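Q: Just so it is clear, I am handing over run.pdb, which has PDB, C-alpha atoms.
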```
ATOM      1  CA  MET X 153    -101.929-187.142 -95.542  1.00  0.00           C
ATOM      2  CA  ILE X 154    -102.789-189.094 -98.650  1.00  0.00           C
ATOM      3  CA  PRO X 155    -105.005-192.180 -98.347  1.00  0.00           C
ATOM      4  CA  ILE X 156    -103.136-195.379 -99.029  1.00  0.00           C
ATOM      5  CA  ALA X 157    -105.988-196.626-101.286  1.00  0.00           C
ATOM      6  CA  GLU X 158    -104.737-194.286-104.031  1.00  0.00           C
ATOM      7  CA  LEU X 159    -101.665-196.447-104.502  1.00  0.00           C
ATOM      8  CA  PRO X 160    -101.862-198.287-107.874  1.00  0.00           C
ATOM      9  CA  GLY X 161    -101.911-202.075-107.807  1.00  0.00           C
ATOM     10  CA  TRP X 162     -98.386-202.765-109.043  1.00  0.00           C
ATOM     11  CA  ALA X 163     -96.869-200.307-106.532  1.00  0.00           C
ATOM     12  CA  ALA X 164     -98.906-201.758-103.661  1.00  0.00           C
ATOM     13  CA  PHE X 165     -97.742-205.259-104.591  1.00  0.00           C
ATOM     14  CA  LEU X 166     -94.082-204.223-104.807  1.00  0.00           C
ATOM     15  CA  VAL X 167     -94.172-202.232-101.563  1.00  0.00           C
ATOM     16  CA  ALA X 168     -95.878-205.093 -99.709  1.00  0.00           C
ATOM     17  CA  LEU X 169     -93.305-207.553-101.051  1.00  0.00           C
ATOM     18  CA  LEU X 170     -90.348-205.365-100.082  1.00  0.00           C
ATOM     19  CA  VAL X 171     -91.659-204.624 -96.582  1.00  0.00           C
ATOM     20  CA  LEU X 172     -92.573-208.262 -95.922  1.00  0.00           C
ATOM     21  CA  ALA X 173     -89.140-209.475 -97.065  1.00  0.00           C
ATOM     22  CA  GLY X 174     -87.407-206.880 -94.899  1.00  0.00           C
ATOM     23  CA  ALA X 175     -89.471-207.765 -91.838  1.00  0.00           C
ATOM     24  CA  ALA X 176     -88.874-211.489 -92.366  1.00  0.00           C
ATOM     25  CA  LEU X 177     -85.111-210.924 -92.610  1.00  0.00           C
ATOM     26  CA  THR X 178     -85.138-208.833 -89.429  1.00  0.00           C
ATOM     27  CA  LEU X 179     -87.055-211.559 -87.625  1.00  0.00           C
ATOM     28  CA  THR X 180     -84.535-214.154 -88.849  1.00  0.00           C
ATOM     29  CA  GLY X 181     -81.694-212.068 -87.492  1.00  0.00           C
ATOM     30  CA  ALA X 182     -83.446-211.622 -84.164  1.00  0.00           C
ATOM     31  CA  THR X 183     -84.035-215.369 -83.776  1.00  0.00           C
ATOM     32  CA  GLY X 184     -80.288-215.759 -84.233  1.00  0.00           C
ATOM     33  CA  LEU X 185     -80.004-213.705 -81.058  1.00  0.00           C
ATOM     34  CA  LEU X 186     -81.878-216.491 -79.258  1.00  0.00           C
ATOM     35  CA  ARG X 187     -80.353-219.536 -80.917  1.00  0.00           C
ATOM     36  CA  LEU X 188     -76.608-218.875 -81.086  1.00  0.00           C
ATOM     37  CA  ARG X 189     -74.615-219.928 -78.049  1.00  0.00           C
ATOM     38  CA  THR X 190     -71.738-217.518 -77.441  1.00  0.00           C
ATOM     39  CA  PHE X 191     -71.688-213.736 -77.479  1.00  0.00           C
ATOM     40  CA  TYR X 192     -69.161-213.637 -80.306  1.00  0.00           C
ATOM     41  CA  GLU X 193     -71.540-215.635 -82.503  1.00  0.00           C
ATOM     42  CA  ARG X 194     -74.582-213.647 -81.455  1.00  0.00           C
ATOM     43  CA  VAL X 195     -73.002-210.337 -82.409  1.00  0.00           C
ATOM     44  CA  HIS X 196     -73.314-211.247 -86.092  1.00  0.00           C
ATOM     45  CA  ALA X 197     -76.999-212.131 -86.061  1.00  0.00           C
ATOM     46  CA  PRO X 198     -78.873-208.809 -85.704  1.00  0.00           C
ATOM     47  CA  THR X 199     -76.810-207.167 -88.454  1.00  0.00           C
ATOM     48  CA  LEU X 200     -79.018-209.060 -90.916  1.00  0.00           C
ATOM     49  CA  GLY X 201     -81.863-206.781 -89.851  1.00  0.00           C
ATOM     50  CA  THR X 202     -79.859-203.577 -89.800  1.00  0.00           C
ATOM     51  CA  THR X 203     -78.365-204.065 -93.259  1.00  0.00           C
ATOM     52  CA  LEU X 204     -80.585-206.013 -95.640  1.00  0.00           C
ATOM     53  CA  GLY X 205     -83.799-205.718 -93.615  1.00  0.00           C
ATOM     54  CA  ALA X 206     -83.492-201.957 -93.271  1.00  0.00           C
ATOM     55  CA  THR X 207     -82.536-201.605 -96.953  1.00  0.00           C
ATOM     56  CA  LEU X 208     -85.606-203.506 -98.139  1.00  0.00           C
ATOM     57  CA  ILE X 209     -88.056-201.714 -95.833  1.00  0.00           C
ATOM     58  CA  LEU X 210     -86.599-198.303 -96.686  1.00  0.00           C
ATOM     59  CA  ALA X 211     -86.763-199.121-100.401  1.00  0.00           C
ATOM     60  CA  GLY X 212     -90.431-200.031 -99.924  1.00  0.00           C
ATOM     61  CA  SER X 213     -91.060-196.764 -98.095  1.00  0.00           C
ATOM     62  CA  MET X 214     -89.280-194.770-100.790  1.00  0.00           C
ATOM     63  CA  LEU X 215     -91.277-196.437-103.556  1.00  0.00           C
ATOM     64  CA  CYS X 216     -94.563-195.924-101.669  1.00  0.00           C
ATOM     65  CA  PHE X 217     -94.090-192.194-101.051  1.00  0.00           C
ATOM     66  CA  THR X 218     -92.609-191.571-104.500  1.00  0.00           C
ATOM     67  CA  VAL X 219     -95.712-193.031-106.137  1.00  0.00           C
ATOM     68  CA  LEU X 220     -98.147-191.400-103.670  1.00  0.00           C
ATOM     69  CA  GLN X 221     -96.724-187.889-103.968  1.00  0.00           C
ATOM     70  CA  SER X 222     -95.754-188.344-107.656  1.00  0.00           C
ATOM     71  CA  ARG X 223     -92.329-186.815-107.072  1.00  0.00           C
ATOM     72  CA  PRO X 224     -89.065-188.482-106.055  1.00  0.00           C
ATOM     73  CA  VAL X 225     -88.904-188.911-102.259  1.00  0.00           C
ATOM     74  CA  VAL X 226     -85.421-189.976-101.235  1.00  0.00           C
ATOM     75  CA  HIS X 227     -85.050-188.804 -97.633  1.00  0.00           C
ATOM     76  CA  GLU X 228     -85.085-192.455 -96.489  1.00  0.00           C
ATOM     77  CA  VAL X 229     -81.557-192.664 -97.897  1.00  0.00           C
ATOM     78  CA  LEU X 230     -80.511-190.627 -94.834  1.00  0.00           C
ATOM     79  CA  ILE X 231     -81.553-193.406 -92.446  1.00  0.00           C
ATOM     80  CA  LEU X 232     -79.981-196.046 -94.681  1.00  0.00           C
ATOM     81  CA  LEU X 233     -76.685-194.182 -94.829  1.00  0.00           C
ATOM     82  CA  PHE X 234     -76.661-193.522 -91.109  1.00  0.00           C
ATOM     83  CA  VAL X 235     -77.559-197.065 -90.079  1.00  0.00           C
ATOM     84  CA  SER X 236     -75.112-198.734 -92.450  1.00  0.00           C
ATOM     85  CA  LEU X 237     -72.319-196.440 -91.262  1.00  0.00           C
ATOM     86  CA  THR X 238     -72.956-196.746 -87.527  1.00  0.00           C
ATOM     87  CA  THR X 239     -73.768-200.462 -87.125  1.00  0.00           C
ATOM     88  CA  PRO X 240     -70.220-201.743 -87.767  1.00  0.00           C
ATOM     89  CA  VAL X 241     -68.740-199.029 -85.547  1.00  0.00           C
ATOM     90  CA  THR X 242     -70.980-199.796 -82.573  1.00  0.00           C
ATOM     91  CA  LEU X 243     -70.645-203.555 -82.874  1.00  0.00           C
ATOM     92  CA  MET X 244     -66.866-203.370 -83.183  1.00  0.00           C
ATOM     93  CA  LEU X 245     -66.731-201.188 -80.073  1.00  0.00           C
ATOM     94  CA  LEU X 246     -68.969-203.656 -78.260  1.00  0.00           C
ATOM     95  CA  VAL X 247     -66.868-206.670 -79.279  1.00  0.00           C
ATOM     96  CA  ARG X 248     -63.725-204.813 -78.232  1.00  0.00           C
ATOM     97  CA  ALA X 249     -65.265-204.119 -74.807  1.00  0.00           C
ATOM     98  CA  ALA X 250     -66.424-207.723 -74.434  1.00  0.00           C
ATOM     99  CA  LEU X 251     -62.982-209.037 -75.427  1.00  0.00           C
ATOM    100  CA  SER X 252     -61.176-206.811 -72.952  1.00  0.00           C
ATOM    101  CA  ARG X 253     -63.589-207.920 -70.220  1.00  0.00           C
ATOM    102  CA  ASP X 254     -63.058-211.581 -71.105  1.00  0.00           C
ATOM    103  CA  ILE X 255     -59.290-211.190 -71.167  1.00  0.00           C
ATOM    104  CA  GLN X 256     -59.333-209.427 -67.796  1.00  0.00           C
ATOM    105  CA  GLU X 257     -61.150-212.407 -66.349  1.00  0.00           C
ATOM    106  CA  GLY X 258     -58.908-214.851 -68.216  1.00  0.00           C
ATOM    107  CA  GLY X 259     -61.827-216.451 -69.966  1.00  0.00           C
ATOM    108  CA  TYR X 260     -61.245-215.704 -73.616  1.00  0.00           C
ATOM    109  CA  PRO X 261     -62.708-218.642 -75.542  1.00  0.00           C
ATOM    110  CA  HIS X 262     -59.856-220.223 -77.447  1.00  0.00           C
ATOM    111  CA  ARG X 263     -60.571-221.662 -80.837  1.00  0.00           C
ATOM    112  CA  SER X 264     -58.143-223.466 -83.073  1.00  0.00           C
ATOM    113  CA  ARG X 265     -58.736-221.082 -85.969  1.00  0.00           C
ATOM    114  CA  THR X 266     -57.762-218.020 -83.938  1.00  0.00           C
ATOM    115  CA  LYS X 267     -54.254-219.418 -83.462  1.00  0.00           C
ATOM    116  CA  THR X 268     -52.755-218.032 -86.641  1.00  0.00           C
ATOM    117  CA  ALA X 269     -49.088-217.725 -87.465  1.00  0.00           C
ATOM    118  CA  ALA X 270     -49.081-214.195 -86.068  1.00  0.00           C
ATOM    119  CA  HIS X 271     -50.238-215.565 -82.732  1.00  0.00           C
ATOM    120  CA  ARG X 272     -47.536-218.236 -82.469  1.00  0.00           C
ATOM    121  CA  ARG X 273     -44.747-215.799 -83.279  1.00  0.00           C
ATOM    122  CA  PRO X 274     -42.710-214.985 -80.168  1.00  0.00           C
ATOM    123  CA  ALA X 275     -42.928-211.529 -78.616  1.00  0.00           C
ATOM    124  CA  VAL X 276     -40.522-209.553 -80.759  1.00  0.00           C
ATOM    125  CA  ASP X 277     -39.584-205.941 -80.235  1.00  0.00           C
ATOM    126  CA  LEU X 278     -41.912-204.652 -82.907  1.00  0.00           C
ATOM    127  CA  ALA X 279     -43.964-201.629 -82.034  1.00  0.00           C
ATOM    128  CA  CYS X 280     -47.382-202.996 -82.836  1.00  0.00           C
ATOM    129  CA  LYS X 281     -48.741-199.575 -83.810  1.00  0.00           C
ATOM    130  CA  ARG X 282     -46.062-199.203 -86.449  1.00  0.00           C
ATOM    131  CA  ASP X 283     -46.634-202.786 -87.468  1.00  0.00           C
ATOM    132  CA  GLU X 284     -50.329-202.097 -87.970  1.00  0.00           C
ATOM    133  CA  MET X 285     -49.631-198.966 -89.968  1.00  0.00           C
ATOM    134  CA  ARG X 286     -47.336-200.819 -92.307  1.00  0.00           C
ATOM    135  CA  ALA X 287     -49.805-203.612 -92.889  1.00  0.00           C
ATOM    136  CA  PRO X 288     -51.913-203.463 -96.067  1.00  0.00           C
ATOM    137  CA  LEU X 289     -55.568-202.494 -95.837  1.00  0.00           C
ATOM    138  CA  GLY X 290     -56.782-206.083 -96.194  1.00  0.00           C
ATOM    139  CA  ALA X 291     -54.723-207.181 -93.199  1.00  0.00           C
ATOM    140  CA  LYS X 292     -56.050-204.247 -91.166  1.00  0.00           C
ATOM    141  CA  LEU X 293     -59.624-205.197 -91.988  1.00  0.00           C
ATOM    142  CA  LEU X 294     -58.914-208.827 -91.132  1.00  0.00           C
ATOM    143  CA  ALA X 295     -57.461-207.770 -87.797  1.00  0.00           C
ATOM    144  CA  LEU X 296     -60.718-205.961 -87.038  1.00  0.00           C
ATOM    145  CA  HIS X 297     -62.794-209.062 -87.663  1.00  0.00           C
ATOM    146  CA  PRO X 298     -64.069-210.327 -84.286  1.00  0.00           C
ATOM    147  CA  SER X 299     -62.743-213.876 -84.671  1.00  0.00           C
ATOM    148  CA  LEU X 300     -59.257-212.698 -85.552  1.00  0.00           C
ATOM    149  CA  PHE X 301     -59.260-209.650 -83.331  1.00  0.00           C
ATOM    150  CA  GLY X 302     -58.200-211.739 -80.346  1.00  0.00           C
ATOM    151  CA  CYS X 303     -54.754-212.240 -81.871  1.00  0.00           C
ATOM    152  CA  VAL X 304     -54.043-208.514 -81.993  1.00  0.00           C
ATOM    153  CA  ILE X 305     -55.246-207.923 -78.443  1.00  0.00           C
ATOM    154  CA  ARG X 306     -53.282-210.842 -77.054  1.00  0.00           C
ATOM    155  CA  LYS X 307     -50.162-209.832 -78.936  1.00  0.00           C
ATOM    156  CA  ARG X 308     -50.412-206.315 -77.571  1.00  0.00           C
ATOM    157  CA  GLU X 309     -50.939-207.661 -74.079  1.00  0.00           C
ATOM    158  CA  MET X 310     -47.937-209.932 -74.405  1.00  0.00           C
ATOM    159  CA  LEU X 311     -45.790-207.055 -75.579  1.00  0.00           C
ATOM    160  CA  GLN X 312     -46.987-204.866 -72.735  1.00  0.00           C
ATOM    161  CA  LYS X 313     -46.208-207.567 -70.212  1.00  0.00           C
ATOM    162  CA  SER X 314     -42.669-208.032 -71.483  1.00  0.00           C
ATOM    163  CA  GLY X 315     -42.170-204.287 -71.153  1.00  0.00           C
ATOM    164  CA  THR X 316     -40.833-203.790 -74.652  1.00  0.00           C
ATOM    165  CA  MET X 317     -43.270-201.046 -75.543  1.00  0.00           C
ATOM    166  CA  GLU X 318     -46.036-198.726 -74.535  1.00  0.00           C
ATOM    167  CA  CYS X 319     -49.093-199.193 -76.677  1.00  0.00           C
TER     168      CYS X 319
ATOM    169  CA  MET W 121    -109.137-206.060-102.722  1.00  0.00           C
ATOM    170  CA  THR W 122    -105.604-204.855-103.382  1.00  0.00           C
ATOM    171  CA  ALA W 123    -105.908-202.312-100.568  1.00  0.00           C
ATOM    172  CA  LEU W 124    -107.040-205.037 -98.167  1.00  0.00           C
ATOM    173  CA  LEU W 125    -104.135-207.329 -99.101  1.00  0.00           C
ATOM    174  CA  PHE W 126    -101.731-204.409 -98.810  1.00  0.00           C
ATOM    175  CA  SER W 127    -102.999-203.561 -95.356  1.00  0.00           C
ATOM    176  CA  TRP W 128    -102.760-207.207 -94.255  1.00  0.00           C
ATOM    177  CA  ALA W 129     -99.210-207.494 -95.586  1.00  0.00           C
ATOM    178  CA  LEU W 130     -98.183-204.406 -93.639  1.00  0.00           C
ATOM    179  CA  THR W 131     -99.865-205.729 -90.485  1.00  0.00           C
ATOM    180  CA  LEU W 132     -98.028-209.042 -90.915  1.00  0.00           C
ATOM    181  CA  ALA W 133     -94.734-207.166 -91.345  1.00  0.00           C
ATOM    182  CA  GLY W 134     -95.507-205.225 -88.172  1.00  0.00           C
ATOM    183  CA  ILE W 135     -96.173-208.461 -86.282  1.00  0.00           C
ATOM    184  CA  MET W 136     -92.861-209.921 -87.521  1.00  0.00           C
ATOM    185  CA  LEU W 137     -90.968-206.828 -86.408  1.00  0.00           C
ATOM    186  CA  ALA W 138     -92.709-206.937 -83.034  1.00  0.00           C
ATOM    187  CA  ALA W 139     -91.648-210.589 -82.712  1.00  0.00           C
ATOM    188  CA  ALA W 140     -88.070-209.514 -83.492  1.00  0.00           C
ATOM    189  CA  MET W 141     -88.361-206.937 -80.713  1.00  0.00           C
ATOM    190  CA  GLY W 142     -89.660-209.701 -78.449  1.00  0.00           C
ATOM    191  CA  CYS W 143     -86.578-211.844 -79.176  1.00  0.00           C
ATOM    192  CA  ALA W 144     -84.388-208.859 -78.316  1.00  0.00           C
ATOM    193  CA  VAL W 145     -86.300-208.314 -75.053  1.00  0.00           C
ATOM    194  CA  TYR W 146     -85.851-211.979 -74.125  1.00  0.00           C
ATOM    195  CA  ARG W 147     -82.084-211.683 -74.664  1.00  0.00           C
ATOM    196  CA  MET W 148     -82.067-208.417 -72.728  1.00  0.00           C
ATOM    197  CA  VAL W 149     -83.780-210.016 -69.733  1.00  0.00           C
ATOM    198  CA  ARG W 150     -81.991-213.381 -69.830  1.00  0.00           C
ATOM    199  CA  GLY W 151     -78.622-212.289 -71.264  1.00  0.00           C
ATOM    200  CA  PRO W 152     -75.882-213.895 -69.207  1.00  0.00           C
ATOM    201  CA  ARG W 153     -73.619-210.836 -69.328  1.00  0.00           C
ATOM    202  CA  ALA W 154     -73.803-207.088 -69.822  1.00  0.00           C
ATOM    203  CA  GLN W 155     -72.565-207.169 -73.429  1.00  0.00           C
ATOM    204  CA  ASP W 156     -75.440-209.470 -74.407  1.00  0.00           C
ATOM    205  CA  ARG W 157     -77.900-206.997 -72.962  1.00  0.00           C
ATOM    206  CA  ILE W 158     -76.330-204.086 -74.859  1.00  0.00           C
ATOM    207  CA  LEU W 159     -76.372-206.046 -78.113  1.00  0.00           C
ATOM    208  CA  ALA W 160     -80.025-206.886 -77.500  1.00  0.00           C
ATOM    209  CA  LEU W 161     -80.809-203.221 -76.818  1.00  0.00           C
ATOM    210  CA  ASP W 162     -79.160-202.239 -80.106  1.00  0.00           C
ATOM    211  CA  SER W 163     -81.157-204.853 -81.995  1.00  0.00           C
ATOM    212  CA  PHE W 164     -84.317-203.687 -80.165  1.00  0.00           C
ATOM    213  CA  TYR W 165     -83.720-200.111 -81.312  1.00  0.00           C
ATOM    214  CA  ALA W 166     -83.175-201.211 -84.926  1.00  0.00           C
ATOM    215  CA  SER W 167     -86.350-203.313 -84.984  1.00  0.00           C
ATOM    216  CA  GLY W 168     -88.314-200.467 -83.394  1.00  0.00           C
ATOM    217  CA  MET W 169     -87.058-198.091 -86.075  1.00  0.00           C
ATOM    218  CA  LEU W 170     -88.183-200.457 -88.827  1.00  0.00           C
ATOM    219  CA  LEU W 171     -91.567-200.856 -87.110  1.00  0.00           C
ATOM    220  CA  MET W 172     -91.965-197.069 -87.144  1.00  0.00           C
ATOM    221  CA  LEU W 173     -91.249-197.025 -90.894  1.00  0.00           C
ATOM    222  CA  THR W 174     -93.840-199.749 -91.451  1.00  0.00           C
ATOM    223  CA  PHE W 175     -96.414-197.701 -89.524  1.00  0.00           C
ATOM    224  CA  GLY W 176     -95.464-194.726 -91.675  1.00  0.00           C
ATOM    225  CA  ILE W 177     -96.116-196.633 -94.911  1.00  0.00           C
ATOM    226  CA  LYS W 178     -99.429-197.911 -93.544  1.00  0.00           C
ATOM    227  CA  SER W 179    -100.698-194.491 -92.495  1.00  0.00           C
ATOM    228  CA  GLY W 180     -99.312-192.668 -95.542  1.00  0.00           C
ATOM    229  CA  THR W 181     -97.638-189.866 -93.556  1.00  0.00           C
ATOM    230  CA  THR W 182     -93.957-188.968 -93.478  1.00  0.00           C
ATOM    231  CA  LEU W 183     -94.156-188.024 -89.788  1.00  0.00           C
ATOM    232  CA  TYR W 184     -93.030-191.494 -88.725  1.00  0.00           C
ATOM    233  CA  PHE W 185     -89.891-191.097 -90.802  1.00  0.00           C
ATOM    234  CA  GLU W 186     -88.623-188.397 -88.467  1.00  0.00           C
ATOM    235  CA  ALA W 187     -89.366-190.556 -85.441  1.00  0.00           C
ATOM    236  CA  ALA W 188     -87.380-193.370 -87.071  1.00  0.00           C
ATOM    237  CA  LEU W 189     -84.450-191.037 -87.703  1.00  0.00           C
ATOM    238  CA  VAL W 190     -84.432-189.937 -84.061  1.00  0.00           C
ATOM    239  CA  ILE W 191     -84.576-193.561 -82.888  1.00  0.00           C
ATOM    240  CA  ALA W 192     -81.614-194.440 -85.134  1.00  0.00           C
ATOM    241  CA  LEU W 193     -79.582-191.520 -83.762  1.00  0.00           C
ATOM    242  CA  LEU W 194     -80.392-192.278 -80.132  1.00  0.00           C
ATOM    243  CA  GLY W 195     -79.741-195.982 -80.611  1.00  0.00           C
ATOM    244  CA  PHE W 196     -76.265-195.289 -81.971  1.00  0.00           C
ATOM    245  CA  ALA W 197     -75.405-192.837 -79.174  1.00  0.00           C
ATOM    246  CA  GLY W 198     -76.744-195.166 -76.482  1.00  0.00           C
ATOM    247  CA  THR W 199     -74.913-198.242 -77.710  1.00  0.00           C
ATOM    248  CA  VAL W 200     -71.614-196.401 -78.120  1.00  0.00           C
ATOM    249  CA  ALA W 201     -71.907-194.907 -74.629  1.00  0.00           C
ATOM    250  CA  LEU W 202     -72.705-198.279 -73.071  1.00  0.00           C
ATOM    251  CA  ALA W 203     -69.876-200.049 -74.910  1.00  0.00           C
ATOM    252  CA  LYS W 204     -67.491-197.329 -73.798  1.00  0.00           C
ATOM    253  CA  PHE W 205     -68.723-197.745 -70.240  1.00  0.00           C
ATOM    254  CA  LEU W 206     -68.103-201.494 -70.401  1.00  0.00           C
ATOM    255  CA  MET W 207     -64.598-200.977 -71.713  1.00  0.00           C
ATOM    256  CA  ARG W 208     -63.350-198.221 -69.380  1.00  0.00           C
ATOM    257  CA  GLY W 209     -65.843-197.943 -66.546  1.00  0.00           C
ATOM    258  CA  GLU W 210     -66.657-194.364 -67.505  1.00  0.00           C
ATOM    259  CA  VAL W 211     -68.405-192.775 -70.462  1.00  0.00           C
ATOM    260  CA  ILE W 212     -66.493-189.513 -70.877  1.00  0.00           C
ATOM    261  CA  GLU W 213     -62.773-189.505 -70.234  1.00  0.00           C
TER     262      GLU W 213
END
```
Since I need it in another form, could you write the structure as structure tokens?
A:
Amino acid sequence: MIPIAELPGWAAFLVALLVLAGAALTLTGATGLLRLRTFYERVHAPTLGTTLGATLILAGSMLCFTVLQSRPVVHEVLILLFVSLTTPVTLMLLVRAALSRDIQEGGYPHRSRTKTAAHRRPAVDLACKRDEMRAPLGAKLLALHPSLFGCVIRKREMLQKSGTMEC
Amino acid sequence: MTALLFSWALTLAGIMLAAAMGCAVYRMVRGPRAQDRILALDSFYASGMLLMLTFGIKSGTTLYFEAALVIALLGFAGTVALAKFLMRGEVIE
């Protein structure tokens, strides 16, 4: 253990600034959890803390230990990598679960912007898996976005109901 | 003087992160549905991990880093398991 008083002034200032900014961003994201009204809005808020907040605090930690031990300390990159990889995966799974629950209860909140052209198209005999595979990467990413994701789910449900395919 | 300011800044950051955890706890207790509670738990884990890192910087040891890594791992596993449970009604199929 190395006493924190050995940190030179410029490093202490930078580390304090980075950590304070990261904590403030995390707090902002967490207040979004209180203030936003629907679940689909709230799911976006805490990602502010897990992306930018975590990056700033981990950068502060890296700088602090690099200066204290006078050798490069980069093991914080592990946490950063892990958190930035897992947050989208978990939240997409969660939104998928919430959507399927809402659809089961018939309470999916309709918004005008979710009714895209793809949604109005009648149930054609396209296998939606094949359709998804053919789509370009940008369209795939768009389909994974929570506000547009409803279209894909509803289309699949429609196709399943009409018995044209097994998906 | 610099050391004092540094220590105060880190304490303030800790208080902010604790407030973020408090917001998550409020949503976990009040959350109208199960998915809100899971989202709040995930956010709670993330804020707790950042609080651990802040403690680590304040005390000057790298021990807290390992605790933060374990919290990140467990938070991911827990949230995925709970989301899977919500979707299918069972965790392992």
Q: Distance atom CA of Ala138 of chain W-atom CA of Ser163 of chain W, one decimal place?
A: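 According to the coordinates, atom CA of Ala138 of chain W and atom CA of Ser163 of chain W are separated by 11.8 Å.
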Q: What residues in chain X lie within 8 Å of chain W, counting all atoms listed in the file, written as a ChimeraX atom specification?
A: /X:153-157,161,164-165,168,171-172,175-176,178-183,185-186,191,195,198,201-202,206,209-210,213,216-217,228,231,234-235,238-239,242-243,245-246,248-250,252-253
Q: For atom CA of Leu177 of chain X and atom CA of Leu200 of chain X, determine how far apart the two atoms are, in Å to one decimal place.
A: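 These two atoms are separated by 6.6 Å.
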Q: Just give me the gap between atom CA of Arg223 of chain X and atom CA of Gly174 of chain X in Å, one decimal is fine.
A: 24.0 Å
Q: Could you name the residues that touch Val219 of chain X at 9 Å or less, counting only C-alpha atoms, but leaving out those on the same chain fewer than 6 positions away, as a list in words?
A: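 Counting only the stated atoms, we get Leu159, Pro160, Ala163 and Val225 of chain X.
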